[in-house]
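Dropping coords12.pdb in here (PDB, C-alpha atoms):
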ATOM      1  CA  MET A  28       0.000   0.000   0.000
ATOM      2  CA  ARG A  29       2.664   2.172   0.410
ATOM      3  CA  THR A  30       3.287   2.268  -3.148
ATOM      4  CA  LEU A  31      -0.291   3.009  -3.763
ATOM      5  CA  ALA A  32      -0.253   5.744  -1.225
ATOM      6  CA  ALA A  33       2.902   7.062  -2.694
ATOM      7  CA  GLU A  34       1.347   6.903  -6.049
ATOM      8  CA  SER A  35      -1.796   8.619  -4.863
ATOM      9  CA  ALA A  36       0.049  11.617  -3.372
ATOM     10  CA  ASN A  37       0.730  14.678  -5.433
ATOM     11  CA  PRO A  38       4.119  14.382  -7.020
ATOM     12  CA  LEU A  39       4.642  18.115  -7.052
ATOM     13  CA  LEU A  40       4.306  18.523  -3.303
ATOM     14  CA  PRO A  41       7.256  17.438  -1.196
ATOM     15  CA  PRO A  42       6.641  15.466   1.935
ATOM     16  CA  VAL A  43       5.495  17.433   4.985
ATOM     17  CA  GLY A  44       8.619  16.638   7.000
ATOM     18  CA  GLU A  45      10.837  18.177   4.374
ATOM     19  CA  ILE A  46       8.683  21.278   4.292
ATOM     20  CA  ILE A  47       8.986  21.699   8.070
ATOM     21  CA  ILE A  48      12.759  21.154   8.020
ATOM     22  CA  GLY A  49      13.033  23.581   5.089
ATOM     23  CA  LEU A  50      11.006  26.195   6.934
ATOM     24  CA  ILE A  51      13.140  25.833  10.087
ATOM     25  CA  ALA A  52      16.368  26.101   8.021
ATOM     26  CA  PHE A  53      14.985  29.109   6.152
ATOM     27  CA  GLY A  54      14.042  30.757   9.468
ATOM     28  CA  LEU A  55      17.552  30.120  10.854
ATOM     29  CA  VAL A  56      19.156  31.608   7.718
ATOM     30  CA  LEU A  57      16.884  34.683   7.975
ATOM     31  CA  LEU A  58      17.755  35.030  11.633
ATOM     32  CA  VAL A  59      21.510  34.901  10.886
ATOM     33  CA  ILE A  60      21.116  37.390   8.017
ATOM     34  CA  PHE A  61      19.088  39.863  10.104
ATOM     35  CA  LYS A  62      21.254  39.383  13.185
ATOM     36  CA  PHE A  63      24.751  39.444  11.648
ATOM     37  CA  VAL A  64      24.809  40.250   7.928
ATOM     38  CA  ALA A  65      22.275  43.109   7.721
ATOM     39  CA  PRO A  66      23.934  45.212  10.476
ATOM     40  CA  ARG A  67      27.286  44.706   8.763
ATOM     41  CA  PHE A  68      25.875  45.867   5.424
ATOM     42  CA  GLU A  69      24.345  48.866   7.227
ATOM     43  CA  GLN A  70      27.741  49.723   8.761
ATOM     44  CA  VAL A  71      29.447  49.478   5.366
ATOM     45  CA  PHE A  72      26.784  51.709   3.769
ATOM     46  CA  VAL A  73      27.057  54.292   6.568
ATOM     47  CA  ALA A  74      30.866  54.281   6.350
ATOM     48  CA  ARG A  75      30.728  54.651   2.588
ATOM     49  CA  ARG A  76      28.174  57.512   2.807
ATOM     50  CA  GLU A  77      30.335  59.280   5.434
ATOM     51  CA  ALA A  78      33.431  58.779   3.299
ATOM     52  CA  ILE A  79      31.670  60.219   0.263
ATOM     53  CA  GLU A  80      30.232  63.147   2.224
ATOM     54  CA  GLY A  81      33.623  63.715   3.911
ATOM     55  CA  GLY A  82      35.308  63.572   0.511
ATOM     56  CA  ILE A  83      32.893  66.151  -0.833
ATOM     57  CA  GLU A  84      33.474  68.379   2.201
ATOM     58  CA  ARG A  85      37.240  67.970   1.865
ATOM     59  CA  ALA A  86      37.012  68.740  -1.847
ATOM     60  CA  GLU A  87      34.992  71.883  -1.114
ATOM     61  CA  GLN A  88      37.448  72.864   1.623
ATOM     62  CA  MET A  89      40.417  72.254  -0.688
ATOM     63  CA  GLN A  90      38.687  74.242  -3.404
ATOM     64  CA  ALA A  91      38.174  77.138  -0.959
ATOM     65  CA  GLU A  92      41.845  76.897   0.115
ATOM     66  CA  ALA A  93      42.940  76.857  -3.523
ATOM     67  CA  LYS A  94      40.795  79.902  -4.226
ATOM     68  CA  ALA A  95      42.287  81.716  -1.199
ATOM     69  CA  ALA A  96      45.794  80.729  -2.319
ATOM     70  CA  LEU A  97      45.060  82.038  -5.817
ATOM     71  CA  GLU A  98      43.830  85.338  -4.378
ATOM     72  CA  ARG A  99      46.974  85.589  -2.200
ATOM     73  CA  TYR A 100      49.134  84.819  -5.227
ATOM     74  CA  GLN A 101      47.357  87.465  -7.297
ATOM     75  CA  ALA A 102      47.722  90.003  -4.454
ATOM     76  CA  GLN A 103      51.436  89.188  -4.126
ATOM     77  CA  LEU A 104      51.847  89.445  -7.892
ATOM     78  CA  ALA A 105      50.136  92.854  -7.929
ATOM     79  CA  GLU A 106      52.305  93.975  -5.005
ATOM     80  CA  ALA A 107      55.436  92.748  -6.797
ATOM     81  CA  ARG A 108      54.408  94.637  -9.934
ATOM     82  CA  ASN A 109      53.813  97.817  -7.915
ATOM     83  CA  GLU A 110      57.167  97.383  -6.195
ATOM     84  CA  ALA A 111      58.892  96.831  -9.533
ATOM     85  CA  ALA A 112      57.236  99.987 -10.910
ATOM     86  CA  GLN A 113      58.393 101.957  -7.868
ATOM     87  CA  ILE A 114      61.936 100.607  -8.264
ATOM     88  CA  ARG A 115      61.890 101.559 -11.963
ATOM     89  CA  ASP A 116      60.631 105.062 -11.155
ATOM     90  CA  GLN A 117      63.222 105.443  -8.404
ATOM     91  CA  ALA A 118      65.981 104.251 -10.752
ATOM     92  CA  ARG A 119      64.845 106.764 -13.396
ATOM     93  CA  ALA A 120      64.810 109.565 -10.813
ATOM     94  CA  GLU A 121      68.275 108.564  -9.552
ATOM     95  CA  GLY A 122      69.543 108.387 -13.135
ATOM     96  CA  GLN A 123      68.128 111.837 -13.853
ATOM     97  CA  GLN A 124      69.693 113.180 -10.654
ATOM     98  CA  ILE A 125      73.058 111.662 -11.575
ATOM     99  CA  LEU A 126      72.830 113.241 -15.045
ATOM    100  CA  GLU A 127      72.031 116.623 -13.512
ATOM    101  CA  GLU A 128      74.933 116.267 -11.067
ATOM    102  CA  LEU A 129      77.268 115.314 -13.918
ATOM    103  CA  ARG A 130      76.062 118.315 -15.944
ATOM    104  CA  ALA A 131      76.631 120.604 -12.964
ATOM    105  CA  GLN A 132      80.107 119.137 -12.421
ATOM    106  CA  ALA A 133      80.890 119.547 -16.127
ATOM    107  CA  GLN A 134      79.731 123.164 -16.041
ATOM    108  CA  GLU A 135      81.800 123.829 -12.913
ATOM    109  CA  GLU A 136      84.833 122.182 -14.518
ATOM    110  CA  SER A 137      84.258 124.191 -17.691
ATOM    111  CA  ALA A 138      83.981 127.437 -15.695
ATOM    112  CA  ARG A 139      87.131 126.543 -13.756
ATOM    113  CA  ILE A 140      89.028 125.797 -16.992
ATOM    114  CA  VAL A 141      87.810 129.057 -18.560
ATOM    115  CA  ALA A 142      88.807 131.008 -15.423
ATOM    116  CA  ARG A 143      92.232 129.334 -15.394
ATOM    117  CA  GLY A 144      92.629 130.139 -19.108
ATOM    118  CA  GLN A 145      91.668 133.758 -18.478
ATOM    119  CA  GLU A 146      94.161 133.936 -15.597
ATOM    120  CA  GLN A 147      96.868 132.478 -17.832
ATOM    121  CA  ILE A 148      95.978 134.929 -20.602
ATOM    122  CA  ALA A 149      96.054 137.810 -18.119
ATOM    123  CA  ALA A 150      99.415 136.622 -16.748
ATOM    124  CA  ALA A 151     100.814 136.213 -20.274
ATOM    125  CA  ARG A 152      99.493 139.658 -21.200
ATOM    126  CA  GLN A 153     101.066 141.190 -18.101
ATOM    127  CA  GLN A 154     104.336 139.454 -18.913
ATOM    128  CA  VAL A 155     104.245 140.747 -22.491
ATOM    129  CA  VAL A 156     103.368 144.255 -21.226
ATOM    130  CA  ASN A 157     106.291 144.144 -18.783
ATOM    131  CA  GLU A 158     108.675 142.949 -21.483
ATOM    132  CA  LEU A 159     107.423 145.637 -23.862
ATOM    133  CA  ARG A 160     107.775 148.282 -21.113
ATOM    134  CA  GLY A 161     111.367 147.240 -20.626
ATOM    135  CA  GLN A 162     112.081 147.316 -24.340
ATOM    136  CA  ILE A 163     110.155 150.565 -24.870
ATOM    137  CA  GLY A 164     111.938 152.056 -21.881
ATOM    138  CA  ALA A 165     115.334 151.153 -23.286
ATOM    139  CA  LEU A 166     114.389 152.482 -26.695
ATOM    140  CA  ALA A 167     112.912 155.645 -25.146
ATOM    141  CA  VAL A 168     116.056 156.275 -23.104
ATOM    142  CA  ASP A 169     118.223 155.793 -26.158
ATOM    143  CA  LEU A 170     115.979 158.037 -28.276
ATOM    144  CA  ALA A 171     115.628 160.622 -25.539
ATOM    145  CA  GLY A 172     119.388 160.673 -25.144
ATOM    146  CA  ARG A 173     119.752 161.386 -28.830
ATOM    147  CA  VAL A 174     117.039 164.057 -28.830
ATOM    148  CA  VAL A 175     118.180 165.774 -25.676
ATOM    149  CA  GLY A 176     121.739 165.374 -26.545
ATOM    150  CA  GLU A 177     122.759 164.340 -23.110
ATOM    151  CA  SER A 178     123.568 160.974 -21.794
ATOM    152  CA  LEU A 179     120.902 159.344 -19.703
ATOM    153  CA  ALA A 180     123.258 156.743 -18.357
ATOM    154  CA  ASP A 181     122.417 157.649 -14.798
ATOM    155  CA  ASP A 182     119.929 155.051 -13.470
ATOM    156  CA  ALA A 183     117.879 157.506 -11.429
ATOM    157  CA  ARG A 184     117.518 159.912 -14.311
ATOM    158  CA  ARG A 185     116.777 157.172 -16.784
ATOM    159  CA  SER A 186     114.230 155.553 -14.444
ATOM    160  CA  GLY A 187     112.390 158.852 -13.928
ATOM    161  CA  THR A 188     112.339 159.591 -17.641
ATOM    162  CA  VAL A 189     111.154 156.093 -18.530
ATOM    163  CA  ASP A 190     108.448 156.151 -15.884
ATOM    164  CA  ARG A 191     107.220 159.566 -17.000
ATOM    165  CA  PHE A 192     107.187 158.456 -20.641
ATOM    166  CA  LEU A 193     105.271 155.246 -19.837
ATOM    167  CA  ASP A 194     102.788 157.192 -17.735
ATOM    168  CA  GLU A 195     102.222 159.520 -20.682
ATOM    169  CA  LEU A 196     101.677 156.504 -22.936
ATOM    170  CA  ASP A 197      99.214 155.006 -20.470
ATOM    171  CA  GLY A 198      97.445 158.336 -20.211
ATOM    172  CA  MET A 199      97.155 158.611 -23.974
ATOM    173  CA  ALA A 200      95.761 155.083 -24.146
ATOM    174  CA  ALA A 201      93.189 156.031 -21.497
ATOM    175  CA  GLY A 202      92.350 159.332 -23.213
ATOM    176  CA  VAL A 203      94.034 161.653 -20.645
ATOM    177  CA  SER A 204      96.614 164.195 -21.803
ATOM    178  CA  PRO A 205     100.043 164.366 -20.137
ATOM    179  CA  ASP A 206      99.071 167.540 -18.307
ATOM    180  CA  GLY A 207      96.077 165.681 -16.737
ATOM    181  CA  ARG A 208      93.267 166.985 -18.971
ATOM    182  CA  SER A 209      90.861 164.631 -20.527
ATOM    183  CA  GLY A 210      90.654 164.571 -24.302
ATOM    184  CA  THR A 211      90.760 162.417 -27.325
ATOM    185  CA  THR A 212      94.160 161.933 -28.848
ATOM    186  CA  LEU A 213      94.262 161.255 -32.546
ATOM    187  CA  ALA A 214      96.989 159.281 -34.260
ATOM    188  CA  GLY A 215      98.421 162.456 -35.750
ATOM    189  CA  GLY A 216      98.781 164.112 -32.321
ATOM    190  CA  THR A 217      95.761 166.466 -32.651
ATOM    191  CA  ARG A 218      93.476 166.779 -29.705
TER
END
Rewrite the structure of this file - the entire thing - as structure tokens.
Amino acid sequence: MRTLAAESANPLLPPVGEIIIGLIAFGLVLLVIFKFVAPRFEQVFVARREAIEGGIERAEQMQAEAKAALERYQAQLAEARNEAAQIRDQARAEGQQILEELRAQAQEESARIVARGQEQIAAARQQVVNELRGQIGALAVDLAGRVVGESLADDARRSGTVDRFLDELDGMAAGVSPDGRSGTTLAGGTR
């Protein structure tokens, strides 16, 4: 009968004992999953969400730091440009001042050279005048001795005559007559 009973049962339905054992095993597996596996999955998901959110916050913070660093860099660059412009302007001003000082020194040197040249010319002129006075004096003494007919060999007499003659020449050059009157002397001797 067993075979008949086995044959009469539905072949698609498993025996009742297997269903009960299967349900108990399934319940134990669900219990293990809910007790151990599900909390672990939840921890992994929470950790991953925190890591992603932390990464986003760190990225935003790094972006803000990068933006601040860029602004500092641009401010430093602008400051460096301003400083370079000031240094250029200062160098130009110093260069201009040096040029003006060099011009002033050159003008002073030129004035000193001109003054020295004028002093040398005046000294040379005075030397020539003195030499000419000596020569004119000797010629005047010789000529005066011939005109007067007396010898002017005496130093005192010759010196007085020469001095008087040179004073008369100086007076004529200045436009004063030998007797002290002022007048114009022409080359022919007419006043």
Note to self: Would you compute the distance between CA of Ala151 (chain A) and CA of Asp169 (chain A)? Give it in Å to one decimal.
What the structure shows: 26.9 Å
Next item on the list: Rounded to one decimal place, report the CA of Gly187 (chain A)-CA of Ala149 (chain A) distance in Å.
Entry: 27.0 Å
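Interatomic distance, CA of Asp197 (chain A) to CA of Gln147 (chain A): 22.8 Å.
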Centre and size of axis-aligned box enclosing region 102-110 of chain A plus 5 Å each side, as lines of an AutoDock Vina configuration file:
center_x = 52.4
center_y = 93.5
center_z = -7.0
size_x = 19.4
size_y = 18.6
size_z = 15.8
